[in-house]
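Notes to accompany the following structure.
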Amino acid sequence: MIKTDVLIIGGGPAGLGAAIETTKRKLKTLIIEENPLYGGQLIKQTHKFFGSSSHFAGTRGILIHEKLHKEIESKYLTMKTNHSVIAVYDDNIIGIHDKNKNKFLKVDAKKVILATGASEKTIPFKNNDLPGIYGAGGVQTLMNVNGVLPGKKILMIGAGNIGLIVSYQLIQAGAEVVGIIEAMSKQGGYLVHLDKVKRLGVPLYFNHTIVEAHGDDKVEKAVIAKVDKNWNIIDGTQKTVECDTICLAVGLTPTSELLWQAGVEMEFNPVLGGYIPKYNEYMETNKKKFFVAGDAAGIGEATSAIIEGRIAGISAAKALNAEKNAKKFHKPLIDYINNLRDGSTGIKVKKAKFGLWGKELKDIKEVKIRPNQKGKIKKDRKQPYVVIECTEDIPCNPCEASCPFGAIDIGKRIVNIPVVDLNKCTGCLSCISSCPGLAIFGITENVQKGKVVISIPYELYPLPEKGNSIWAVDKNGQILSEAEVYRVRKNKNKTNIVSIIVDEKYKDSVRHFYPQSEGDVIICRCNDITAKEINDAIDDGYTDFEELKRYLRVTMGPCQGRGCRHLVMGMIRAKTGKDISKGSTGTRRPPESSLPFKAIVKENKKRSKE
Amino acid sequence: MRIQAHPILEFKKKRKIPFFFNGRRLYGYEGDTIAAALHDNGINVYRITSKGRKRGFFCAIGKCSSCLMVVDDIPNIKTCITPLKSGMKVETQKGKGVYK
């Protein structure tokens, strides 16, 4: 029998948050984690988090995981990974399977914090069990933890935050997202996440659903169809989409099996994702021994899971008389989490939680949607200024915190729309790489006549170099013009800033770019001679066809110049203005087409005999 | 398909380790789960149900039962959360699996 003060079931963000608080108060803490790695969803989240910059916002999940771990007093912590909790018995003894040694362990804990997380939901469609169909979290683990891509052509089902974020991450990892299917008429996730995939030209299918998957050993294609208002399939709208992977991002449901076993009072709460335990704002359940936190207490995001874990940790410490002033530590955390849920997305969760806690929710002031900019731009302004394209009430403030000049204002409520004061903005562009939504851009006018420089947050591979030719694209991923990389600024946080120079008419429309495909323009197929080699040679003074031919061996291959002669002549004319009807176009000599020497030799032998 | 280059993540090269899939010698890397190593080798079918349906990788966190396989003669192993070990014997599970 293992004895401990606090047992935390689940080593994800909520469990780690709880351990910070219990170990700080010198409580012997045991974390049981089913996976080989602890950290839960954090270890696969490569994107920067929303929230307050005082609570890890603007930091990538993978790094938050490390930071949390550092905050835990390791002296008081035992972390057991690859161990599964398999039972909570009637006498409150917890049964554990040590999968490393294949042994059964029993734990007697004074307090238990259930931070068991969530499971992915699935949806019914024909062949929905075919290999190649994954949960979105599964795909994230596979690519971001294991470093293995699920496939090359991905069809994403669901345009909530997870569907949008994972789509973007798949593209970052080198896959192609062939479409995002959403049954609703608009995205469920934040606009900034949608914009990120739109800029990359990912096709969006709203009012659509998946009907069936095809394939033998693996997905080969999918049939999708339009749905009506009641989500019924409209016959005749079916079409097939070629893909090798289908990724389901259709929601999560709390993992509550152990809570049921523990005898915690449960209720069905559709807003919070399914069956959830009843608990109060201190994360205490009706059973004095058990506390809950994170997705197990209702689906949320990792940021609030960490905070809920910390609240639960303090509550457990209070119950063990290890914290006499719990109120003082609880209050800022509870206030913070409640403020995070003030936006139009969070408010539903906030209402559900308050309902659960039996508390009245007063004074919900709607967030004023205001323009992102104020102040005037001087006509002759040479330094850059920023354009913020963040129009939703997202609980997020790293842009405000990142500005060294106080030019960005969010105000008291974290869900307010950020406003940049263009009179104060010096054009340092630090906010661009701080924004988790990649929704801030820089504009520099008066660089060259008729041109503007647009600075773009860039998180894709490979990073282009100054001078590279690229395609400038708009917010929907449509190519507007050919452009050039003007400057590349590398950032430690890996949100690099790529500035491109475009015609000034594209000032308000260009927001992204595609690299031009690498590769050569081949003029002479026989000898692999490129347009660049020919143009360079002409520039070097080989302006005569005969000279060019001798220098590069162009038109001298087996095809005898059939394929390239006219192209080369055209290039000379274009570069030099020479009249190509005059002067040499080369001498046509035998053999007209290639033949074996043997053939000619035989003919000679015959002749000599005669 | 291993990710070769990534704008955010760095995947450190780890030690290559051999394992057996249905008697075939394959390689994975230290730190892989069994399922990830199979995936990298282009293997998608992990088990065949009693009704003959093929199943593969789904949730990656040991919650869905899709990836159960016979590992070192023990059936119903969640391969998505079981670390790969050198010389491991991994087999496609048929039906509910047989404990040898």
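Ordered as shown in the structure tokens, chains take letters A, B, and onward, while each chain numbers its residues from 1 and ligands are numbered from 1 in the order shown.
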
Strand (DSSP E) residues, from DSSP on the backbone, in region 278-490 of chain A, as JSON, numbers by chain: {"A": [290, 291, 292, 373, 374, 385, 386, 387, 388, 408, 409, 419, 420, 421, 440, 441, 442, 443, 444, 451, 452, 453, 454, 455, 456, 457, 458, 469, 470, 471, 472, 473, 474, 479, 480, 481, 482, 483, 484, 485, 486, 487, 488, 489]}

Contact residues around region 31-45 of chain B with only C-alpha atoms at 6 Å, ignoring same-chain residues under 5 positions, as JSON, numbers by chain: {"A": [131], "B": [1, 54, 55, 56, 79, 80, 81, 82, 83, 84]}

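Every protein, DNA or RNA residue with an atom at most 12 Å from Val71 (chain B), where only C-alpha atoms count and chain neighbours fewer than 5 positions away do not, is listed here: B:Phe19, B:Phe20, B:Phe21, B:Asn22, B:Gly23, B:Ile34, B:Ala35, B:Tyr46, B:Arg47, B:Asn76, B:Ile77, B:Lys78, B:Thr79, B:Thr82, B:Pro83, B:Leu84, B:Lys85, B:Gly87, B:Met88, B:Lys89, B:Val90, B:Glu91, B:Thr92, B:Gln93, B:Gly97, B:Val98, B:Tyr99, B:Lys100.
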
Could the residues in this selection be saved with N, CA and C atoms as a PDB file, in the first residue's frame?
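Saved to part-v7.pdb:
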ATOM      1  N   PHE B  19      12.222  -4.140 -34.270  1.00  0.00           N
ATOM      2  CA  PHE B  19      11.103  -4.882 -33.671  1.00  0.00           C
ATOM      3  C   PHE B  19      10.480  -5.745 -34.765  1.00  0.00           C
ATOM      4  N   PHE B  20       9.568  -6.600 -34.382  1.00  0.00           N
ATOM      5  CA  PHE B  20       8.986  -7.512 -35.367  1.00  0.00           C
ATOM      6  C   PHE B  20       7.498  -7.280 -35.499  1.00  0.00           C
ATOM      7  N   PHE B  21       7.044  -7.129 -36.724  1.00  0.00           N
ATOM      8  CA  PHE B  21       5.616  -6.992 -36.984  1.00  0.00           C
ATOM      9  C   PHE B  21       5.185  -8.176 -37.828  1.00  0.00           C
ATOM     10  N   ASN B  22       4.333  -9.014 -37.267  1.00  0.00           N
ATOM     11  CA  ASN B  22       3.888 -10.251 -37.938  1.00  0.00           C
ATOM     12  C   ASN B  22       5.079 -11.011 -38.522  1.00  0.00           C
ATOM     13  N   GLY B  23       6.157 -11.028 -37.741  1.00  0.00           N
ATOM     14  CA  GLY B  23       7.349 -11.769 -38.156  1.00  0.00           C
ATOM     15  C   GLY B  23       8.316 -10.974 -39.015  1.00  0.00           C
ATOM     16  N   ILE B  34       4.510   2.063 -29.869  1.00  0.00           N
ATOM     17  CA  ILE B  34       4.445   1.000 -30.886  1.00  0.00           C
ATOM     18  C   ILE B  34       3.666   1.511 -32.103  1.00  0.00           C
ATOM     19  N   ALA B  35       2.525   2.155 -31.822  1.00  0.00           N
ATOM     20  CA  ALA B  35       1.661   2.608 -32.916  1.00  0.00           C
ATOM     21  C   ALA B  35       2.362   3.620 -33.812  1.00  0.00           C
ATOM     22  N   TYR B  46      -4.111  -2.351 -37.528  1.00  0.00           N
ATOM     23  CA  TYR B  46      -3.549  -2.869 -36.281  1.00  0.00           C
ATOM     24  C   TYR B  46      -4.304  -4.087 -35.783  1.00  0.00           C
ATOM     25  N   ARG B  47      -5.609  -4.093 -36.052  1.00  0.00           N
ATOM     26  CA  ARG B  47      -6.356  -5.281 -35.658  1.00  0.00           C
ATOM     27  C   ARG B  47      -7.523  -5.477 -36.606  1.00  0.00           C
ATOM     28  N   ASN B  76      -4.678  -7.328 -26.639  1.00  0.00           N
ATOM     29  CA  ASN B  76      -5.354  -6.125 -26.125  1.00  0.00           C
ATOM     30  C   ASN B  76      -4.415  -5.092 -25.525  1.00  0.00           C
ATOM     31  N   ILE B  77      -3.237  -4.966 -26.114  1.00  0.00           N
ATOM     32  CA  ILE B  77      -2.291  -3.934 -25.668  1.00  0.00           C
ATOM     33  C   ILE B  77      -2.607  -2.634 -26.417  1.00  0.00           C
ATOM     34  N   LYS B  78      -2.734  -1.551 -25.654  1.00  0.00           N
ATOM     35  CA  LYS B  78      -2.975  -0.243 -26.273  1.00  0.00           C
ATOM     36  C   LYS B  78      -1.666   0.246 -26.872  1.00  0.00           C
ATOM     37  N   THR B  79      -1.500   0.023 -28.166  1.00  0.00           N
ATOM     38  CA  THR B  79      -0.190   0.296 -28.774  1.00  0.00           C
ATOM     39  C   THR B  79       0.105   1.793 -28.883  1.00  0.00           C
ATOM     40  N   THR B  82       1.910   2.517 -25.550  1.00  0.00           N
ATOM     41  CA  THR B  82       2.915   1.577 -25.055  1.00  0.00           C
ATOM     42  C   THR B  82       4.243   1.854 -25.753  1.00  0.00           C
ATOM     43  N   PRO B  83       5.274   2.132 -24.958  1.00  0.00           N
ATOM     44  CA  PRO B  83       6.565   2.443 -25.591  1.00  0.00           C
ATOM     45  C   PRO B  83       7.135   1.239 -26.343  1.00  0.00           C
ATOM     46  N   LEU B  84       7.733   1.525 -27.478  1.00  0.00           N
ATOM     47  CA  LEU B  84       8.377   0.482 -28.278  1.00  0.00           C
ATOM     48  C   LEU B  84       9.683   0.065 -27.606  1.00  0.00           C
ATOM     49  N   LYS B  85       9.909  -1.251 -27.583  1.00  0.00           N
ATOM     50  CA  LYS B  85      11.174  -1.740 -27.035  1.00  0.00           C
ATOM     51  C   LYS B  85      11.874  -2.599 -28.057  1.00  0.00           C
ATOM     52  N   GLY B  87      13.374  -5.442 -30.065  1.00  0.00           N
ATOM     53  CA  GLY B  87      13.054  -6.859 -30.182  1.00  0.00           C
ATOM     54  C   GLY B  87      11.603  -7.216 -29.918  1.00  0.00           C
ATOM     55  N   MET B  88      10.774  -6.225 -29.683  1.00  0.00           N
ATOM     56  CA  MET B  88       9.364  -6.478 -29.379  1.00  0.00           C
ATOM     57  C   MET B  88       8.674  -7.244 -30.514  1.00  0.00           C
ATOM     58  N   LYS B  89       7.766  -8.131 -30.119  1.00  0.00           N
ATOM     59  CA  LYS B  89       7.022  -8.907 -31.112  1.00  0.00           C
ATOM     60  C   LYS B  89       5.614  -8.317 -31.173  1.00  0.00           C
ATOM     61  N   VAL B  90       5.293  -7.691 -32.273  1.00  0.00           N
ATOM     62  CA  VAL B  90       3.990  -7.033 -32.422  1.00  0.00           C
ATOM     63  C   VAL B  90       3.204  -7.758 -33.504  1.00  0.00           C
ATOM     64  N   GLU B  91       1.958  -8.118 -33.180  1.00  0.00           N
ATOM     65  CA  GLU B  91       1.156  -8.841 -34.169  1.00  0.00           C
ATOM     66  C   GLU B  91      -0.233  -8.242 -34.319  1.00  0.00           C
ATOM     67  N   THR B  92      -0.765  -8.320 -35.548  1.00  0.00           N
ATOM     68  CA  THR B  92      -2.129  -7.874 -35.801  1.00  0.00           C
ATOM     69  C   THR B  92      -3.062  -8.712 -34.925  1.00  0.00           C
ATOM     70  N   GLN B  93      -3.960  -8.068 -34.227  1.00  0.00           N
ATOM     71  CA  GLN B  93      -4.880  -8.816 -33.368  1.00  0.00           C
ATOM     72  C   GLN B  93      -6.115  -9.201 -34.156  1.00  0.00           C
ATOM     73  N   GLY B  97      -8.457 -11.523 -29.613  1.00  0.00           N
ATOM     74  CA  GLY B  97      -7.087 -11.912 -29.307  1.00  0.00           C
ATOM     75  C   GLY B  97      -7.029 -13.142 -28.439  1.00  0.00           C
ATOM     76  N   VAL B  98      -5.924 -13.863 -28.551  1.00  0.00           N
ATOM     77  CA  VAL B  98      -5.768 -15.085 -27.749  1.00  0.00           C
ATOM     78  C   VAL B  98      -4.534 -14.910 -26.879  1.00  0.00           C
ATOM     79  N   TYR B  99      -4.687 -15.201 -25.608  1.00  0.00           N
ATOM     80  CA  TYR B  99      -3.563 -15.152 -24.679  1.00  0.00           C
ATOM     81  C   TYR B  99      -2.777 -16.435 -24.849  1.00  0.00           C
ATOM     82  N   LYS B 100      -1.535 -16.307 -25.357  1.00  0.00           N
ATOM     83  CA  LYS B 100      -0.770 -17.538 -25.629  1.00  0.00           C
ATOM     84  C   LYS B 100      -0.082 -18.051 -24.372  1.00  0.00           C
TER      85      LYS B 100
END

Within 7 Å of region 270-272 of chain A, counting only C-alpha atoms, which residues qualify if same-chain residues fewer than 4 places away don't, as a CSV table (one decimal) with N, CA and C atoms, in the first residue's frame?
chain,number,residue,atom,x,y,z
A,298,GLY,N,-15.6,19.5,-17.0
A,298,GLY,CA,-16.3,20.3,-18.1
A,298,GLY,C,-15.2,20.7,-19.1
A,299,ILE,N,-15.6,20.5,-20.4
A,299,ILE,CA,-14.6,20.8,-21.4
A,299,ILE,C,-14.2,22.3,-21.5
A,349,VAL,N,-19.8,28.8,-21.2
A,349,VAL,CA,-19.2,28.0,-20.2
A,349,VAL,C,-19.4,28.6,-18.8
A,352,ALA,N,-22.8,28.0,-17.5
A,352,ALA,CA,-23.0,26.7,-17.1
A,352,ALA,C,-22.3,26.4,-15.8

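Comparing B:Lys12, B:Arg53, B:Lys96, B:Arg2 by their smallest distance to Gly28 (chain B), the closest is B:Arg2 (using only C-alpha atoms).
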
Counting only C-alpha atoms, chain A residues within 8 Å of chain B, as a ChimeraX atom specification: /A:34-36,46,82,119-120,129-139,141-144,146-151,172-174,217-218,459-462,494

Write the residues of the selection above to a file with C-alpha atoms, as a PDB file, in the first residue's frame.
ATOM      1  CA  GLU A  34      -1.480   6.710 -18.012  1.00  0.00           C
ATOM      2  CA  ASN A  35       0.694   7.841 -20.910  1.00  0.00           C
ATOM      3  CA  PRO A  36       4.438   7.309 -21.247  1.00  0.00           C
ATOM      4  CA  THR A  46       2.678  23.926 -30.730  1.00  0.00           C
ATOM      5  CA  ASN A  82       2.840   4.569 -17.767  1.00  0.00           C
ATOM      6  CA  SER A 119     -11.913  11.740 -24.710  1.00  0.00           C
ATOM      7  CA  GLU A 120     -12.591  12.640 -28.291  1.00  0.00           C
ATOM      8  CA  ASP A 129     -13.801   2.995 -38.210  1.00  0.00           C
ATOM      9  CA  LEU A 130     -11.538   2.708 -41.270  1.00  0.00           C
ATOM     10  CA  PRO A 131      -7.810   3.109 -40.572  1.00  0.00           C
ATOM     11  CA  GLY A 132      -6.822   6.601 -41.631  1.00  0.00           C
ATOM     12  CA  ILE A 133      -9.640   8.187 -39.663  1.00  0.00           C
ATOM     13  CA  TYR A 134      -8.292   9.846 -36.542  1.00  0.00           C
ATOM     14  CA  GLY A 135      -9.362  12.035 -33.710  1.00  0.00           C
ATOM     15  CA  ALA A 136      -7.822  15.485 -33.980  1.00  0.00           C
ATOM     16  CA  GLY A 137      -5.964  15.008 -30.701  1.00  0.00           C
ATOM     17  CA  GLY A 138      -4.643  11.704 -32.020  1.00  0.00           C
ATOM     18  CA  VAL A 139      -3.265  13.451 -35.078  1.00  0.00           C
ATOM     19  CA  THR A 141       0.055  13.454 -30.772  1.00  0.00           C
ATOM     20  CA  LEU A 142       1.239  11.517 -33.777  1.00  0.00           C
ATOM     21  CA  MET A 143       2.743  14.517 -35.552  1.00  0.00           C
ATOM     22  CA  ASN A 144       3.830  16.812 -32.731  1.00  0.00           C
ATOM     23  CA  ASN A 146       5.983  11.271 -32.258  1.00  0.00           C
ATOM     24  CA  GLY A 147       7.067  13.308 -35.268  1.00  0.00           C
ATOM     25  CA  VAL A 148       5.119  11.093 -37.672  1.00  0.00           C
ATOM     26  CA  LEU A 149       2.593  12.431 -40.180  1.00  0.00           C
ATOM     27  CA  PRO A 150      -0.704  10.545 -40.489  1.00  0.00           C
ATOM     28  CA  GLY A 151      -0.867  11.100 -44.248  1.00  0.00           C
ATOM     29  CA  GLN A 172       3.163  23.363 -40.572  1.00  0.00           C
ATOM     30  CA  ALA A 173       4.221  19.711 -40.448  1.00  0.00           C
ATOM     31  CA  GLY A 174       4.169  19.460 -44.229  1.00  0.00           C
ATOM     32  CA  ASP A 217      -6.639  -0.849 -45.690  1.00  0.00           C
ATOM     33  CA  LYS A 218      -6.711   2.922 -45.389  1.00  0.00           C
ATOM     34  CA  GLU A 459       5.273  30.070 -38.814  1.00  0.00           C
ATOM     35  CA  LEU A 460       5.826  27.820 -41.782  1.00  0.00           C
ATOM     36  CA  TYR A 461       8.774  25.940 -43.144  1.00  0.00           C
ATOM     37  CA  PRO A 462      11.021  26.827 -44.894  1.00  0.00           C
ATOM     38  CA  LYS A 494       9.608  31.094 -33.735  1.00  0.00           C
TER      39      LYS A 494
END

Spatial neighbours of region 518-522 of chain A, max dist 8 Å, only C-alpha atoms, sep filter under 6 positions, as an MDAnalysis selection string: chainID A and resid 528:532

Every residue of region 273-520 of chain A that DSSP places in helix (DSSP H, G or I), as a PyMOL selection string: chain A and resi 294-297+302-319+326-340+346-357+398-402+430-434+504-506

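Compared by their closest atoms to Ile456 (chain A), and using only C-alpha atoms, the residues A:Glu482, A:Arg489, A:Ala18, A:Val264 rank with A:Arg489 nearest.
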
Nearby residues (only C-alpha atoms) at most 7 Å from region 315-319 of chain A, same-chain spacing under 4 positions excluded, as an MDAnalysis selection string: chainID A and resid 22 111 282 311 323:324 326

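The list of residues with at least one atom within 6 Å of region 69-80 of chain A, based on only C-alpha atoms and without residues fewer than 6 positions apart in the same chain, reads Ile20, Thr23, Lys28, Thr29, Leu30, Ile31 and Ile32 of chain A.
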
Nearest to Thr81 (chain A), chosen from A:Gly58, A:Gly51, A:Gly11, A:Gly343, with only C-alpha atoms counted in the distances: A:Gly11
